file protein-v7.cif (mmCIF, N, CA and C atoms and all ligand atoms)
data_my_file
#
loop_
_atom_site.label_atom_id
_atom_site.label_comp_id
_atom_site.auth_asym_id
_atom_site.auth_seq_id
_atom_site.Cartn_x
_atom_site.Cartn_y
_atom_site.Cartn_z
N MET E 112 18.21 -8.17 13.21
CA MET E 112 18.27 -9.37 12.36
C MET E 112 16.87 -9.74 11.88
N ASP E 113 16.79 -10.17 10.64
CA ASP E 113 15.50 -10.56 10.08
C ASP E 113 15.07 -11.91 10.66
N GLN E 114 13.93 -11.89 11.38
CA GLN E 114 13.47 -13.10 12.05
C GLN E 114 12.63 -13.99 11.13
N SER E 115 12.35 -13.51 9.90
CA SER E 115 11.42 -14.25 9.07
C SER E 115 12.04 -15.58 8.62
N VAL E 116 11.19 -16.59 8.58
CA VAL E 116 11.64 -17.92 8.17
C VAL E 116 10.96 -18.23 6.85
N ILE E 117 11.74 -18.62 5.88
CA ILE E 117 11.16 -18.98 4.58
C ILE E 117 11.19 -20.49 4.45
N LYS E 118 9.99 -21.07 4.33
CA LYS E 118 9.91 -22.53 4.18
C LYS E 118 9.92 -22.89 2.70
N GLU E 119 10.45 -24.05 2.40
CA GLU E 119 10.54 -24.48 1.00
C GLU E 119 9.82 -25.80 0.80
N TYR E 120 9.11 -25.91 -0.33
CA TYR E 120 8.38 -27.13 -0.68
C TYR E 120 8.79 -27.45 -2.11
N SER E 121 9.46 -28.59 -2.31
CA SER E 121 10.07 -28.85 -3.61
C SER E 121 9.61 -30.16 -4.22
N SER E 122 9.49 -30.13 -5.57
CA SER E 122 9.21 -31.38 -6.28
C SER E 122 10.42 -31.75 -7.13
N GLY E 123 11.52 -31.12 -6.90
CA GLY E 123 12.71 -31.36 -7.70
C GLY E 123 12.96 -30.20 -8.64
N ASP E 124 12.11 -30.06 -9.68
CA ASP E 124 12.33 -28.96 -10.63
C ASP E 124 11.58 -27.70 -10.25
N LEU E 125 10.68 -27.79 -9.28
CA LEU E 125 9.90 -26.62 -8.88
C LEU E 125 9.94 -26.50 -7.35
N THR E 126 10.33 -25.33 -6.87
CA THR E 126 10.35 -25.13 -5.42
C THR E 126 9.49 -23.93 -5.07
N VAL E 127 8.45 -24.19 -4.29
CA VAL E 127 7.59 -23.12 -3.79
C VAL E 127 8.14 -22.68 -2.44
N THR E 128 8.25 -21.38 -2.21
CA THR E 128 8.67 -20.89 -0.91
C THR E 128 7.52 -20.14 -0.25
N TRP E 129 7.51 -20.12 1.06
CA TRP E 129 6.44 -19.44 1.81
C TRP E 129 7.04 -18.75 3.02
N GLU E 130 6.76 -17.45 3.11
CA GLU E 130 7.27 -16.65 4.23
C GLU E 130 6.09 -16.29 5.11
N ALA E 131 5.96 -17.01 6.21
CA ALA E 131 4.76 -16.89 7.06
C ALA E 131 4.49 -15.46 7.51
N THR E 132 5.53 -14.71 7.82
CA THR E 132 5.31 -13.36 8.35
C THR E 132 4.71 -12.42 7.31
N LYS E 133 4.81 -12.77 6.04
CA LYS E 133 4.23 -11.91 4.99
C LYS E 133 2.78 -12.27 4.67
N CYS E 134 2.36 -13.48 5.05
CA CYS E 134 1.03 -13.96 4.67
C CYS E 134 -0.07 -13.12 5.32
N ILE E 135 -1.02 -12.66 4.52
CA ILE E 135 -2.13 -11.87 5.06
C ILE E 135 -3.41 -12.70 5.14
N HIS E 136 -3.28 -14.00 4.98
CA HIS E 136 -4.40 -14.94 5.17
C HIS E 136 -5.58 -14.59 4.27
N SER E 137 -5.28 -14.34 3.02
CA SER E 137 -6.36 -14.04 2.06
C SER E 137 -7.11 -15.31 1.69
N GLY E 138 -6.45 -16.45 1.80
CA GLY E 138 -7.08 -17.71 1.41
C GLY E 138 -7.11 -17.94 -0.09
N ILE E 139 -6.48 -17.06 -0.86
CA ILE E 139 -6.52 -17.18 -2.32
C ILE E 139 -5.84 -18.47 -2.79
N CYS E 140 -4.72 -18.82 -2.18
CA CYS E 140 -4.04 -20.05 -2.57
C CYS E 140 -4.89 -21.28 -2.22
N LEU E 141 -5.55 -21.23 -1.06
CA LEU E 141 -6.35 -22.38 -0.59
C LEU E 141 -7.54 -22.61 -1.52
N ARG E 142 -8.15 -21.52 -1.97
CA ARG E 142 -9.30 -21.65 -2.87
C ARG E 142 -8.86 -21.92 -4.30
N GLY E 143 -7.71 -21.36 -4.69
CA GLY E 143 -7.25 -21.47 -6.07
C GLY E 143 -6.77 -22.87 -6.43
N LEU E 144 -6.07 -23.52 -5.51
CA LEU E 144 -5.51 -24.85 -5.80
C LEU E 144 -5.52 -25.68 -4.51
N PRO E 145 -6.73 -26.09 -4.09
CA PRO E 145 -6.84 -26.77 -2.78
C PRO E 145 -6.09 -28.09 -2.70
N GLU E 146 -5.85 -28.72 -3.85
CA GLU E 146 -5.11 -29.99 -3.80
C GLU E 146 -3.64 -29.76 -3.45
N VAL E 147 -3.14 -28.55 -3.68
CA VAL E 147 -1.73 -28.23 -3.36
C VAL E 147 -1.64 -27.49 -2.02
N PHE E 148 -2.53 -26.51 -1.83
CA PHE E 148 -2.47 -25.68 -0.61
C PHE E 148 -3.61 -26.10 0.31
N ASP E 149 -3.26 -26.81 1.35
CA ASP E 149 -4.29 -27.40 2.23
C ASP E 149 -3.81 -27.28 3.68
N LEU E 150 -4.48 -26.43 4.44
CA LEU E 150 -4.04 -26.19 5.83
C LEU E 150 -4.16 -27.41 6.71
N LYS E 151 -5.00 -28.37 6.30
CA LYS E 151 -5.18 -29.57 7.15
C LYS E 151 -4.08 -30.60 6.90
N ALA E 152 -3.35 -30.45 5.80
CA ALA E 152 -2.31 -31.43 5.46
C ALA E 152 -0.96 -31.00 6.05
N ARG E 153 -0.08 -31.94 6.22
CA ARG E 153 1.29 -31.65 6.65
C ARG E 153 2.26 -32.32 5.70
N PRO E 154 3.16 -31.60 5.01
CA PRO E 154 3.18 -30.14 5.02
C PRO E 154 1.96 -29.56 4.31
N TRP E 155 1.66 -28.28 4.57
CA TRP E 155 0.43 -27.71 4.01
C TRP E 155 0.54 -27.43 2.52
N VAL E 156 1.78 -27.44 1.97
CA VAL E 156 1.96 -27.27 0.52
C VAL E 156 2.48 -28.58 -0.06
N ASN E 157 1.75 -29.13 -1.04
CA ASN E 157 2.17 -30.37 -1.69
C ASN E 157 2.36 -30.10 -3.18
N VAL E 158 3.61 -29.85 -3.57
CA VAL E 158 3.87 -29.48 -4.96
C VAL E 158 3.75 -30.65 -5.93
N GLU E 159 3.57 -31.86 -5.39
CA GLU E 159 3.39 -33.04 -6.26
C GLU E 159 1.94 -33.16 -6.70
N ALA E 160 1.04 -32.39 -6.10
CA ALA E 160 -0.39 -32.63 -6.29
C ALA E 160 -1.00 -31.93 -7.50
N SER E 161 -0.20 -31.17 -8.25
CA SER E 161 -0.73 -30.53 -9.45
C SER E 161 0.41 -30.27 -10.42
N ASP E 162 0.07 -29.72 -11.58
CA ASP E 162 1.10 -29.44 -12.58
C ASP E 162 1.77 -28.09 -12.29
N SER E 163 2.97 -27.94 -12.83
CA SER E 163 3.77 -26.75 -12.54
C SER E 163 3.05 -25.46 -12.93
N LYS E 164 2.38 -25.45 -14.08
CA LYS E 164 1.73 -24.20 -14.53
C LYS E 164 0.65 -23.76 -13.55
N SER E 165 -0.17 -24.71 -13.10
CA SER E 165 -1.23 -24.35 -12.15
C SER E 165 -0.63 -23.82 -10.85
N ILE E 166 0.45 -24.44 -10.42
CA ILE E 166 1.09 -23.99 -9.16
C ILE E 166 1.67 -22.59 -9.34
N VAL E 167 2.38 -22.38 -10.46
CA VAL E 167 2.98 -21.06 -10.71
C VAL E 167 1.89 -20.01 -10.80
N ASP E 168 0.81 -20.31 -11.52
CA ASP E 168 -0.29 -19.33 -11.66
C ASP E 168 -0.90 -18.97 -10.31
N THR E 169 -1.04 -19.95 -9.43
CA THR E 169 -1.63 -19.70 -8.11
C THR E 169 -0.67 -18.90 -7.24
N VAL E 170 0.60 -19.27 -7.29
CA VAL E 170 1.60 -18.53 -6.50
C VAL E 170 1.67 -17.07 -6.96
N ARG E 171 1.55 -16.86 -8.27
CA ARG E 171 1.59 -15.50 -8.81
C ARG E 171 0.43 -14.66 -8.25
N ASP E 172 -0.68 -15.32 -7.93
CA ASP E 172 -1.86 -14.62 -7.43
C ASP E 172 -1.78 -14.27 -5.94
N CYS E 173 -0.77 -14.77 -5.25
CA CYS E 173 -0.66 -14.48 -3.81
C CYS E 173 -0.49 -12.96 -3.63
N PRO E 174 -1.44 -12.29 -2.97
CA PRO E 174 -1.40 -10.83 -2.92
C PRO E 174 -0.28 -10.25 -2.06
N SER E 175 0.21 -11.03 -1.11
CA SER E 175 1.23 -10.50 -0.20
C SER E 175 2.65 -10.86 -0.62
N LYS E 176 2.76 -11.73 -1.62
CA LYS E 176 4.05 -12.30 -2.04
C LYS E 176 4.66 -13.19 -0.96
N ALA E 177 3.82 -13.66 -0.04
CA ALA E 177 4.31 -14.65 0.93
C ALA E 177 4.73 -15.92 0.20
N LEU E 178 3.97 -16.25 -0.85
CA LEU E 178 4.32 -17.40 -1.68
C LEU E 178 5.20 -16.92 -2.83
N ALA E 179 6.17 -17.73 -3.18
CA ALA E 179 7.03 -17.39 -4.33
C ALA E 179 7.53 -18.70 -4.94
N ILE E 180 8.07 -18.59 -6.13
CA ILE E 180 8.74 -19.72 -6.76
C ILE E 180 10.23 -19.43 -6.70
N LYS E 181 10.99 -20.36 -6.14
CA LYS E 181 12.43 -20.13 -5.98
C LYS E 181 13.08 -19.89 -7.34
N GLY E 182 13.82 -18.82 -7.43
CA GLY E 182 14.54 -18.51 -8.67
C GLY E 182 13.71 -17.77 -9.69
N VAL E 183 12.45 -17.47 -9.37
CA VAL E 183 11.57 -16.77 -10.33
C VAL E 183 11.15 -15.44 -9.73
N ARG E 184 11.27 -14.37 -10.50
CA ARG E 184 10.81 -13.06 -10.04
C ARG E 184 9.66 -12.65 -10.93
N PHE E 185 8.46 -12.58 -10.37
CA PHE E 185 7.31 -12.16 -11.16
C PHE E 185 7.37 -10.66 -11.38
N LYS E 186 7.02 -10.27 -12.61
CA LYS E 186 7.05 -8.84 -12.93
C LYS E 186 5.73 -8.23 -12.48
N ASP E 187 5.81 -7.16 -11.69
CA ASP E 187 4.60 -6.42 -11.33
C ASP E 187 4.10 -5.66 -12.54
N THR E 188 2.82 -5.77 -12.81
CA THR E 188 2.31 -5.10 -14.00
C THR E 188 1.22 -4.10 -13.63
N HIS E 189 1.14 -3.07 -14.42
CA HIS E 189 0.08 -2.08 -14.28
C HIS E 189 -0.77 -2.24 -15.54
N THR E 190 -1.95 -2.78 -15.40
CA THR E 190 -2.75 -3.08 -16.59
C THR E 190 -3.97 -2.16 -16.64
N ASN E 191 -4.65 -2.18 -17.77
CA ASN E 191 -5.87 -1.40 -17.90
C ASN E 191 -7.05 -2.12 -17.26
N GLN E 192 -6.86 -3.39 -17.05
CA GLN E 192 -7.94 -4.19 -16.44
C GLN E 192 -7.69 -4.25 -14.94
N THR E 193 -8.65 -3.83 -14.15
CA THR E 193 -8.50 -3.89 -12.70
C THR E 193 -9.48 -4.90 -12.13
N ASP E 194 -8.95 -5.87 -11.39
CA ASP E 194 -9.80 -6.87 -10.76
C ASP E 194 -9.88 -6.58 -9.27
N VAL E 195 -11.06 -6.55 -8.73
CA VAL E 195 -11.24 -6.29 -7.30
C VAL E 195 -11.87 -7.53 -6.66
N THR E 196 -11.24 -8.00 -5.60
CA THR E 196 -11.77 -9.17 -4.88
C THR E 196 -11.97 -8.80 -3.42
N LEU E 197 -13.16 -9.06 -2.91
CA LEU E 197 -13.43 -8.83 -1.49
C LEU E 197 -13.26 -10.15 -0.75
N ILE E 198 -12.32 -10.18 0.18
CA ILE E 198 -12.11 -11.40 0.96
C ILE E 198 -13.01 -11.35 2.19
N ASN E 199 -13.79 -12.38 2.36
CA ASN E 199 -14.72 -12.43 3.48
C ASN E 199 -13.97 -12.28 4.82
N GLY E 200 -14.27 -11.24 5.56
CA GLY E 200 -13.59 -11.02 6.85
C GLY E 200 -12.16 -10.54 6.68
N GLY E 201 -11.76 -10.21 5.46
CA GLY E 201 -10.38 -9.81 5.21
C GLY E 201 -10.30 -8.61 4.28
N PRO E 202 -9.19 -8.50 3.56
CA PRO E 202 -8.95 -7.28 2.80
C PRO E 202 -9.72 -7.19 1.48
N LEU E 203 -9.61 -6.04 0.87
CA LEU E 203 -10.08 -5.83 -0.50
C LEU E 203 -8.82 -5.88 -1.36
N ILE E 204 -8.81 -6.78 -2.31
CA ILE E 204 -7.60 -7.00 -3.11
C ILE E 204 -7.81 -6.45 -4.52
N ILE E 205 -6.88 -5.63 -4.94
CA ILE E 205 -6.95 -5.04 -6.28
C ILE E 205 -5.77 -5.56 -7.10
N LYS E 206 -6.09 -6.20 -8.20
CA LYS E 206 -5.04 -6.70 -9.10
C LYS E 206 -5.00 -5.85 -10.36
N GLY E 207 -3.80 -5.56 -10.81
CA GLY E 207 -3.67 -4.81 -12.07
C GLY E 207 -3.02 -3.46 -11.87
N GLY E 208 -2.72 -3.12 -10.61
CA GLY E 208 -2.06 -1.85 -10.34
C GLY E 208 -3.06 -0.71 -10.18
N ALA E 209 -2.63 0.35 -9.52
CA ALA E 209 -3.52 1.49 -9.28
C ALA E 209 -2.71 2.70 -8.84
N THR E 210 -3.33 3.85 -8.97
CA THR E 210 -2.75 5.07 -8.42
C THR E 210 -3.49 5.37 -7.12
N ILE E 211 -2.76 5.46 -6.03
CA ILE E 211 -3.38 5.66 -4.72
C ILE E 211 -3.15 7.10 -4.28
N HIS E 212 -4.23 7.81 -4.06
CA HIS E 212 -4.13 9.20 -3.60
C HIS E 212 -4.33 9.24 -2.09
N HIS E 213 -3.23 9.37 -1.36
CA HIS E 213 -3.31 9.55 0.09
C HIS E 213 -3.56 11.04 0.35
N ARG E 214 -3.71 11.41 1.61
CA ARG E 214 -3.97 12.83 1.89
C ARG E 214 -2.82 13.72 1.41
N LYS E 215 -1.56 13.24 1.67
CA LYS E 215 -0.43 14.11 1.35
C LYS E 215 0.49 13.56 0.27
N LYS E 216 0.19 12.40 -0.25
CA LYS E 216 1.06 11.88 -1.31
C LYS E 216 0.27 10.98 -2.24
N THR E 217 0.86 10.75 -3.38
CA THR E 217 0.25 9.87 -4.37
C THR E 217 1.23 8.74 -4.66
N GLU E 218 0.72 7.52 -4.69
CA GLU E 218 1.58 6.36 -4.96
C GLU E 218 1.11 5.68 -6.23
N GLU E 219 2.06 5.29 -7.05
CA GLU E 219 1.76 4.45 -8.23
C GLU E 219 2.16 3.04 -7.85
N ILE E 220 1.22 2.13 -7.84
CA ILE E 220 1.57 0.77 -7.47
C ILE E 220 1.18 -0.18 -8.59
N ALA E 221 2.17 -0.93 -9.07
CA ALA E 221 1.90 -1.95 -10.07
C ALA E 221 1.64 -3.27 -9.33
N GLY E 222 1.00 -4.19 -9.98
CA GLY E 222 0.79 -5.49 -9.35
C GLY E 222 -0.44 -5.51 -8.48
N THR E 223 -0.30 -6.07 -7.28
CA THR E 223 -1.47 -6.33 -6.43
C THR E 223 -1.42 -5.51 -5.15
N LEU E 224 -2.58 -4.98 -4.76
CA LEU E 224 -2.71 -4.20 -3.52
C LEU E 224 -3.73 -4.87 -2.63
N SER E 225 -3.53 -4.83 -1.34
CA SER E 225 -4.51 -5.39 -0.41
C SER E 225 -4.87 -4.32 0.61
N PHE E 226 -6.09 -3.84 0.54
CA PHE E 226 -6.52 -2.79 1.46
C PHE E 226 -7.24 -3.38 2.67
N CYS E 227 -6.87 -2.89 3.83
CA CYS E 227 -7.49 -3.35 5.08
C CYS E 227 -8.95 -2.87 5.14
N ARG E 228 -9.84 -3.79 5.51
CA ARG E 228 -11.25 -3.43 5.71
C ARG E 228 -11.66 -3.57 7.17
N CYS E 229 -10.76 -4.15 8.01
CA CYS E 229 -11.15 -4.39 9.39
C CYS E 229 -10.72 -3.25 10.31
N GLY E 230 -9.81 -2.40 9.85
CA GLY E 230 -9.35 -1.27 10.66
C GLY E 230 -8.30 -1.66 11.69
N ARG E 231 -7.81 -2.91 11.66
CA ARG E 231 -6.85 -3.35 12.68
C ARG E 231 -5.41 -3.41 12.17
N SER E 232 -5.20 -3.13 10.90
CA SER E 232 -3.85 -3.24 10.34
C SER E 232 -2.92 -2.20 10.94
N GLU E 233 -1.68 -2.61 11.23
CA GLU E 233 -0.68 -1.64 11.68
C GLU E 233 -0.05 -0.94 10.48
N GLY E 234 -0.35 -1.41 9.31
CA GLY E 234 0.18 -0.77 8.10
C GLY E 234 -0.91 -0.13 7.28
N PHE E 235 -1.96 0.35 7.98
CA PHE E 235 -3.12 0.94 7.32
C PHE E 235 -2.67 1.99 6.29
N PRO E 236 -3.25 2.07 5.10
CA PRO E 236 -4.48 1.42 4.67
C PRO E 236 -4.32 0.01 4.12
N TYR E 237 -3.10 -0.52 4.18
CA TYR E 237 -2.89 -1.84 3.59
C TYR E 237 -3.07 -2.93 4.65
N CYS E 238 -3.54 -4.07 4.20
CA CYS E 238 -3.76 -5.22 5.09
C CYS E 238 -2.43 -5.82 5.51
N ASP E 239 -2.27 -6.12 6.79
CA ASP E 239 -1.05 -6.79 7.26
C ASP E 239 -1.36 -8.15 7.86
N GLY E 240 -2.57 -8.64 7.67
CA GLY E 240 -2.94 -9.97 8.19
C GLY E 240 -3.55 -9.91 9.57
N SER E 241 -3.65 -8.72 10.17
CA SER E 241 -4.18 -8.62 11.54
C SER E 241 -5.62 -9.09 11.65
N HIS E 242 -6.39 -9.02 10.55
CA HIS E 242 -7.79 -9.47 10.61
C HIS E 242 -7.90 -10.93 11.01
N ALA E 243 -6.83 -11.72 10.77
CA ALA E 243 -6.89 -13.15 11.06
C ALA E 243 -6.42 -13.45 12.49
N LYS E 244 -5.94 -12.44 13.21
CA LYS E 244 -5.47 -12.69 14.58
C LYS E 244 -6.65 -12.58 15.54
N PRO E 245 -6.63 -13.33 16.65
CA PRO E 245 -7.72 -13.20 17.61
C PRO E 245 -7.78 -11.79 18.16
N LYS E 246 -9.00 -11.29 18.37
CA LYS E 246 -9.15 -9.94 18.92
C LYS E 246 -8.76 -9.92 20.38
N GLU E 247 -8.06 -8.82 20.79
CA GLU E 247 -7.70 -8.69 22.21
C GLU E 247 -8.94 -8.33 22.99
N LYS E 248 -9.05 -8.88 24.22
CA LYS E 248 -10.25 -8.59 25.01
C LYS E 248 -9.99 -7.45 25.96
S1 LIG Q 1 -1.43 -14.22 1.41
FE1 LIG Q 1 -0.63 -15.68 -0.09
S2 LIG Q 1 0.09 -17.43 1.16
FE2 LIG Q 1 -1.21 -16.19 2.47
S3 LIG Q 1 -3.23 -17.17 2.28
FE3 LIG Q 1 -3.14 -15.48 0.77
S4 LIG Q 1 -2.46 -16.45 -1.15
FE4 LIG Q 1 -2.00 -17.88 0.53
S1 LIG Q 2 -8.32 -6.57 6.52
FE1 LIG Q 2 -6.39 -7.44 6.90
S2 LIG Q 2 -5.62 -6.29 8.59
FE2 LIG Q 2 -7.56 -5.44 8.19
#
call {"tool": "encode", "arguments": {"input": "protein-v7.cif", "output": "structure tokens", "more": "lines below"}}
Ligand code: SF4
Ligand code: FES
result
Amino acid sequence: MDQSVIKEYSSGDLTVTWEATKCIHSGICLRGLPEVFDLKARPWVNVEASDSKSIVDTVRDCPSKALAIKGVRFKDTHTNQTDVTLINGGPLIIKGGATIHHRKKTEEIAGTLSFCRCGRSEGFPYCDGSHAKPKEK
């Protein structure tokens, strides 16, 4: 059985959903729209605090798709423009799609990729959020 819990934050016409088990703790939402995404607030997502476009744009930038807009499916795109973001203490995020050459296979990935830089991911080479967990002693 799928143990994941999807939380919903609604302003009536816009509902943001968040699936904690998918979050890789990139902090992109927190930096992108701090008035809406604030870990110190309860609930941590306040969809009343900004306009719908800003919220949708920020949710679209979530690299793990932990954040989503209910009823909206963002199209993954493969663009000629590649944006690379290094998250401090976290993954390397590539937006715009890429061709990944593994040792024995090649993957075409549209949309956003998050590569592990800490070496602790169980889904290596991709980040699974393990960098944000306390290290075992
Ligand atoms: S993975 Fe998504 S929900 Fe998690 S911190 Fe990053 S942007 Fe926010
Ligand atoms: S950088 Fe996220 S698990 Fe390694």
call {"tool": "closest_residue", "arguments": {"input": "protein-v7.cif", "among": "E:Thr169, E:Asn157, E:Thr217, E:Ser163", "to": "ligand LIG 1 (chain Q)", "atoms": "only N, CA and C atoms and all ligand atoms"}}
result
E:Thr169
call {"tool": "closest_residue", "arguments": {"input": "protein-v7.cif", "among": "E:His136, E:Lys244, E:Arg228, E:Lys186", "to": "ligand LIG 1 (chain Q)", "atoms": "only N, CA and C atoms and all ligand atoms"}}
result
E:His136
call {"tool": "select_by_dssp", "arguments": {"input": "protein-v7.cif", "residues": "chain E", "states": "helix (DSSP H, G or I)", "output": "ChimeraX atom specification"}}
result
/E:131-133,139-143,163-171,241-243
call {"tool": "residues_around", "arguments": {"input": "protein-v7.cif", "residues": "stretch 209-216 of chain E", "least_positions_apart": "6", "cutoff": "12 Å", "atoms": "only C-alpha atoms", "output": "PDB file with N, CA and C atoms, in the coordinates of the input"}}
result
ATOM      1  N   ASP E 187       5.810  -7.160 -11.690  1.00  0.00           N
ATOM      2  CA  ASP E 187       4.600  -6.420 -11.330  1.00  0.00           C
ATOM      3  C   ASP E 187       4.100  -5.660 -12.540  1.00  0.00           C
ATOM      4  N   THR E 188       2.820  -5.770 -12.810  1.00  0.00           N
ATOM      5  CA  THR E 188       2.310  -5.100 -14.000  1.00  0.00           C
ATOM      6  C   THR E 188       1.220  -4.100 -13.630  1.00  0.00           C
ATOM      7  N   HIS E 189       1.140  -3.070 -14.420  1.00  0.00           N
ATOM      8  CA  HIS E 189       0.080  -2.080 -14.280  1.00  0.00           C
ATOM      9  C   HIS E 189      -0.770  -2.240 -15.540  1.00  0.00           C
ATOM     10  N   THR E 190      -1.950  -2.780 -15.400  1.00  0.00           N
ATOM     11  CA  THR E 190      -2.750  -3.080 -16.590  1.00  0.00           C
ATOM     12  C   THR E 190      -3.970  -2.160 -16.640  1.00  0.00           C
ATOM     13  N   ASN E 191      -4.650  -2.180 -17.770  1.00  0.00           N
ATOM     14  CA  ASN E 191      -5.870  -1.400 -17.900  1.00  0.00           C
ATOM     15  C   ASN E 191      -7.050  -2.120 -17.260  1.00  0.00           C
ATOM     16  N   GLN E 192      -6.860  -3.390 -17.050  1.00  0.00           N
ATOM     17  CA  GLN E 192      -7.940  -4.190 -16.440  1.00  0.00           C
ATOM     18  C   GLN E 192      -7.690  -4.250 -14.940  1.00  0.00           C
ATOM     19  N   THR E 193      -8.650  -3.830 -14.150  1.00  0.00           N
ATOM     20  CA  THR E 193      -8.500  -3.890 -12.700  1.00  0.00           C
ATOM     21  C   THR E 193      -9.480  -4.900 -12.130  1.00  0.00           C
ATOM     22  N   ASP E 194      -8.950  -5.870 -11.390  1.00  0.00           N
ATOM     23  CA  ASP E 194      -9.800  -6.870 -10.760  1.00  0.00           C
ATOM     24  C   ASP E 194      -9.880  -6.580  -9.270  1.00  0.00           C
ATOM     25  N   VAL E 195     -11.060  -6.550  -8.730  1.00  0.00           N
ATOM     26  CA  VAL E 195     -11.240  -6.290  -7.300  1.00  0.00           C
ATOM     27  C   VAL E 195     -11.870  -7.530  -6.660  1.00  0.00           C
ATOM     28  N   GLY E 222       1.000  -4.190  -9.980  1.00  0.00           N
ATOM     29  CA  GLY E 222       0.790  -5.490  -9.350  1.00  0.00           C
ATOM     30  C   GLY E 222      -0.440  -5.510  -8.480  1.00  0.00           C
ATOM     31  N   THR E 223      -0.300  -6.070  -7.280  1.00  0.00           N
ATOM     32  CA  THR E 223      -1.470  -6.330  -6.430  1.00  0.00           C
ATOM     33  C   THR E 223      -1.420  -5.510  -5.150  1.00  0.00           C
ATOM     34  N   LEU E 224      -2.580  -4.980  -4.760  1.00  0.00           N
ATOM     35  CA  LEU E 224      -2.710  -4.200  -3.520  1.00  0.00           C
ATOM     36  C   LEU E 224      -3.730  -4.870  -2.630  1.00  0.00           C
ATOM     37  N   SER E 225      -3.530  -4.830  -1.340  1.00  0.00           N
ATOM     38  CA  SER E 225      -4.510  -5.390  -0.410  1.00  0.00           C
ATOM     39  C   SER E 225      -4.870  -4.320   0.610  1.00  0.00           C
ATOM     40  N   PHE E 226      -6.090  -3.840   0.540  1.00  0.00           N
ATOM     41  CA  PHE E 226      -6.520  -2.790   1.460  1.00  0.00           C
ATOM     42  C   PHE E 226      -7.240  -3.380   2.670  1.00  0.00           C
ATOM     43  N   PHE E 235      -1.960   0.350   7.980  1.00  0.00           N
ATOM     44  CA  PHE E 235      -3.120   0.940   7.320  1.00  0.00           C
ATOM     45  C   PHE E 235      -2.670   1.990   6.290  1.00  0.00           C
ATOM     46  N   PRO E 236      -3.250   2.070   5.100  1.00  0.00           N
ATOM     47  CA  PRO E 236      -4.480   1.420   4.670  1.00  0.00           C
ATOM     48  C   PRO E 236      -4.320   0.010   4.120  1.00  0.00           C
ATOM     49  N   TYR E 237      -3.100  -0.520   4.180  1.00  0.00           N
ATOM     50  CA  TYR E 237      -2.890  -1.840   3.590  1.00  0.00           C
ATOM     51  C   TYR E 237      -3.070  -2.930   4.650  1.00  0.00           C
TER      52      TYR E 237
END
call {"tool": "closest_residue", "arguments": {"input": "protein-v7.cif", "among": "E:Ser122, E:Phe185, E:Cys134, E:Pro245", "to": "E:Ala160", "atoms": "only C-alpha atoms"}}
result
E:Ser122
call {"tool": "residues_near_ligand", "arguments": {"input": "protein-v7.cif", "ligand": "ligand LIG 2 (chain Q)", "cutoff": "6 Å", "atoms": "only C-alpha atoms and all ligand atoms", "output": "PDB file with N, CA and C atoms, keeping the file's coordinate frame"}}
result
ATOM      1  N   GLY E 201     -11.760 -10.210   5.460  1.00  0.00           N
ATOM      2  CA  GLY E 201     -10.380  -9.810   5.210  1.00  0.00           C
ATOM      3  C   GLY E 201     -10.300  -8.610   4.280  1.00  0.00           C
ATOM      4  N   PRO E 202      -9.190  -8.500   3.560  1.00  0.00           N
ATOM      5  CA  PRO E 202      -8.950  -7.280   2.800  1.00  0.00           C
ATOM      6  C   PRO E 202      -9.720  -7.190   1.480  1.00  0.00           C
ATOM      7  N   CYS E 227      -6.870  -2.890   3.830  1.00  0.00           N
ATOM      8  CA  CYS E 227      -7.490  -3.350   5.080  1.00  0.00           C
ATOM      9  C   CYS E 227      -8.950  -2.870   5.140  1.00  0.00           C
ATOM     10  N   ARG E 228      -9.840  -3.790   5.510  1.00  0.00           N
ATOM     11  CA  ARG E 228     -11.250  -3.430   5.710  1.00  0.00           C
ATOM     12  C   ARG E 228     -11.660  -3.570   7.170  1.00  0.00           C
ATOM     13  N   CYS E 229     -10.760  -4.150   8.010  1.00  0.00           N
ATOM     14  CA  CYS E 229     -11.150  -4.390   9.390  1.00  0.00           C
ATOM     15  C   CYS E 229     -10.720  -3.250  10.310  1.00  0.00           C
ATOM     16  N   GLY E 230      -9.810  -2.400   9.850  1.00  0.00           N
ATOM     17  CA  GLY E 230      -9.350  -1.270  10.660  1.00  0.00           C
ATOM     18  C   GLY E 230      -8.300  -1.660  11.690  1.00  0.00           C
ATOM     19  N   ARG E 231      -7.810  -2.910  11.660  1.00  0.00           N
ATOM     20  CA  ARG E 231      -6.850  -3.350  12.680  1.00  0.00           C
ATOM     21  C   ARG E 231      -5.410  -3.410  12.170  1.00  0.00           C
ATOM     22  N   SER E 232      -5.200  -3.130  10.900  1.00  0.00           N
ATOM     23  CA  SER E 232      -3.850  -3.240  10.340  1.00  0.00           C
ATOM     24  C   SER E 232      -2.920  -2.200  10.940  1.00  0.00           C
ATOM     25  N   CYS E 238      -3.540  -4.070   4.200  1.00  0.00           N
ATOM     26  CA  CYS E 238      -3.760  -5.220   5.090  1.00  0.00           C
ATOM     27  C   CYS E 238      -2.430  -5.820   5.510  1.00  0.00           C
ATOM     28  N   ASP E 239      -2.270  -6.120   6.790  1.00  0.00           N
ATOM     29  CA  ASP E 239      -1.050  -6.790   7.260  1.00  0.00           C
ATOM     30  C   ASP E 239      -1.360  -8.150   7.860  1.00  0.00           C
ATOM     31  N   GLY E 240      -2.570  -8.640   7.670  1.00  0.00           N
ATOM     32  CA  GLY E 240      -2.940  -9.970   8.190  1.00  0.00           C
ATOM     33  C   GLY E 240      -3.550  -9.910   9.570  1.00  0.00           C
ATOM     34  N   SER E 241      -3.650  -8.720  10.170  1.00  0.00           N
ATOM     35  CA  SER E 241      -4.180  -8.620  11.540  1.00  0.00           C
ATOM     36  C   SER E 241      -5.620  -9.090  11.650  1.00  0.00           C
ATOM     37  N   HIS E 242      -6.390  -9.020  10.550  1.00  0.00           N
ATOM     38  CA  HIS E 242      -7.790  -9.470  10.610  1.00  0.00           C
ATOM     39  C   HIS E 242      -7.900 -10.930  11.010  1.00  0.00           C
TER      40      HIS E 242
END
call {"tool": "atom_distance", "arguments": {"input": "protein-v7.cif", "atom1": "atom CA of E:Thr126", "atom2": "atom CA of E:Ile204"}}
result
25.6 Å
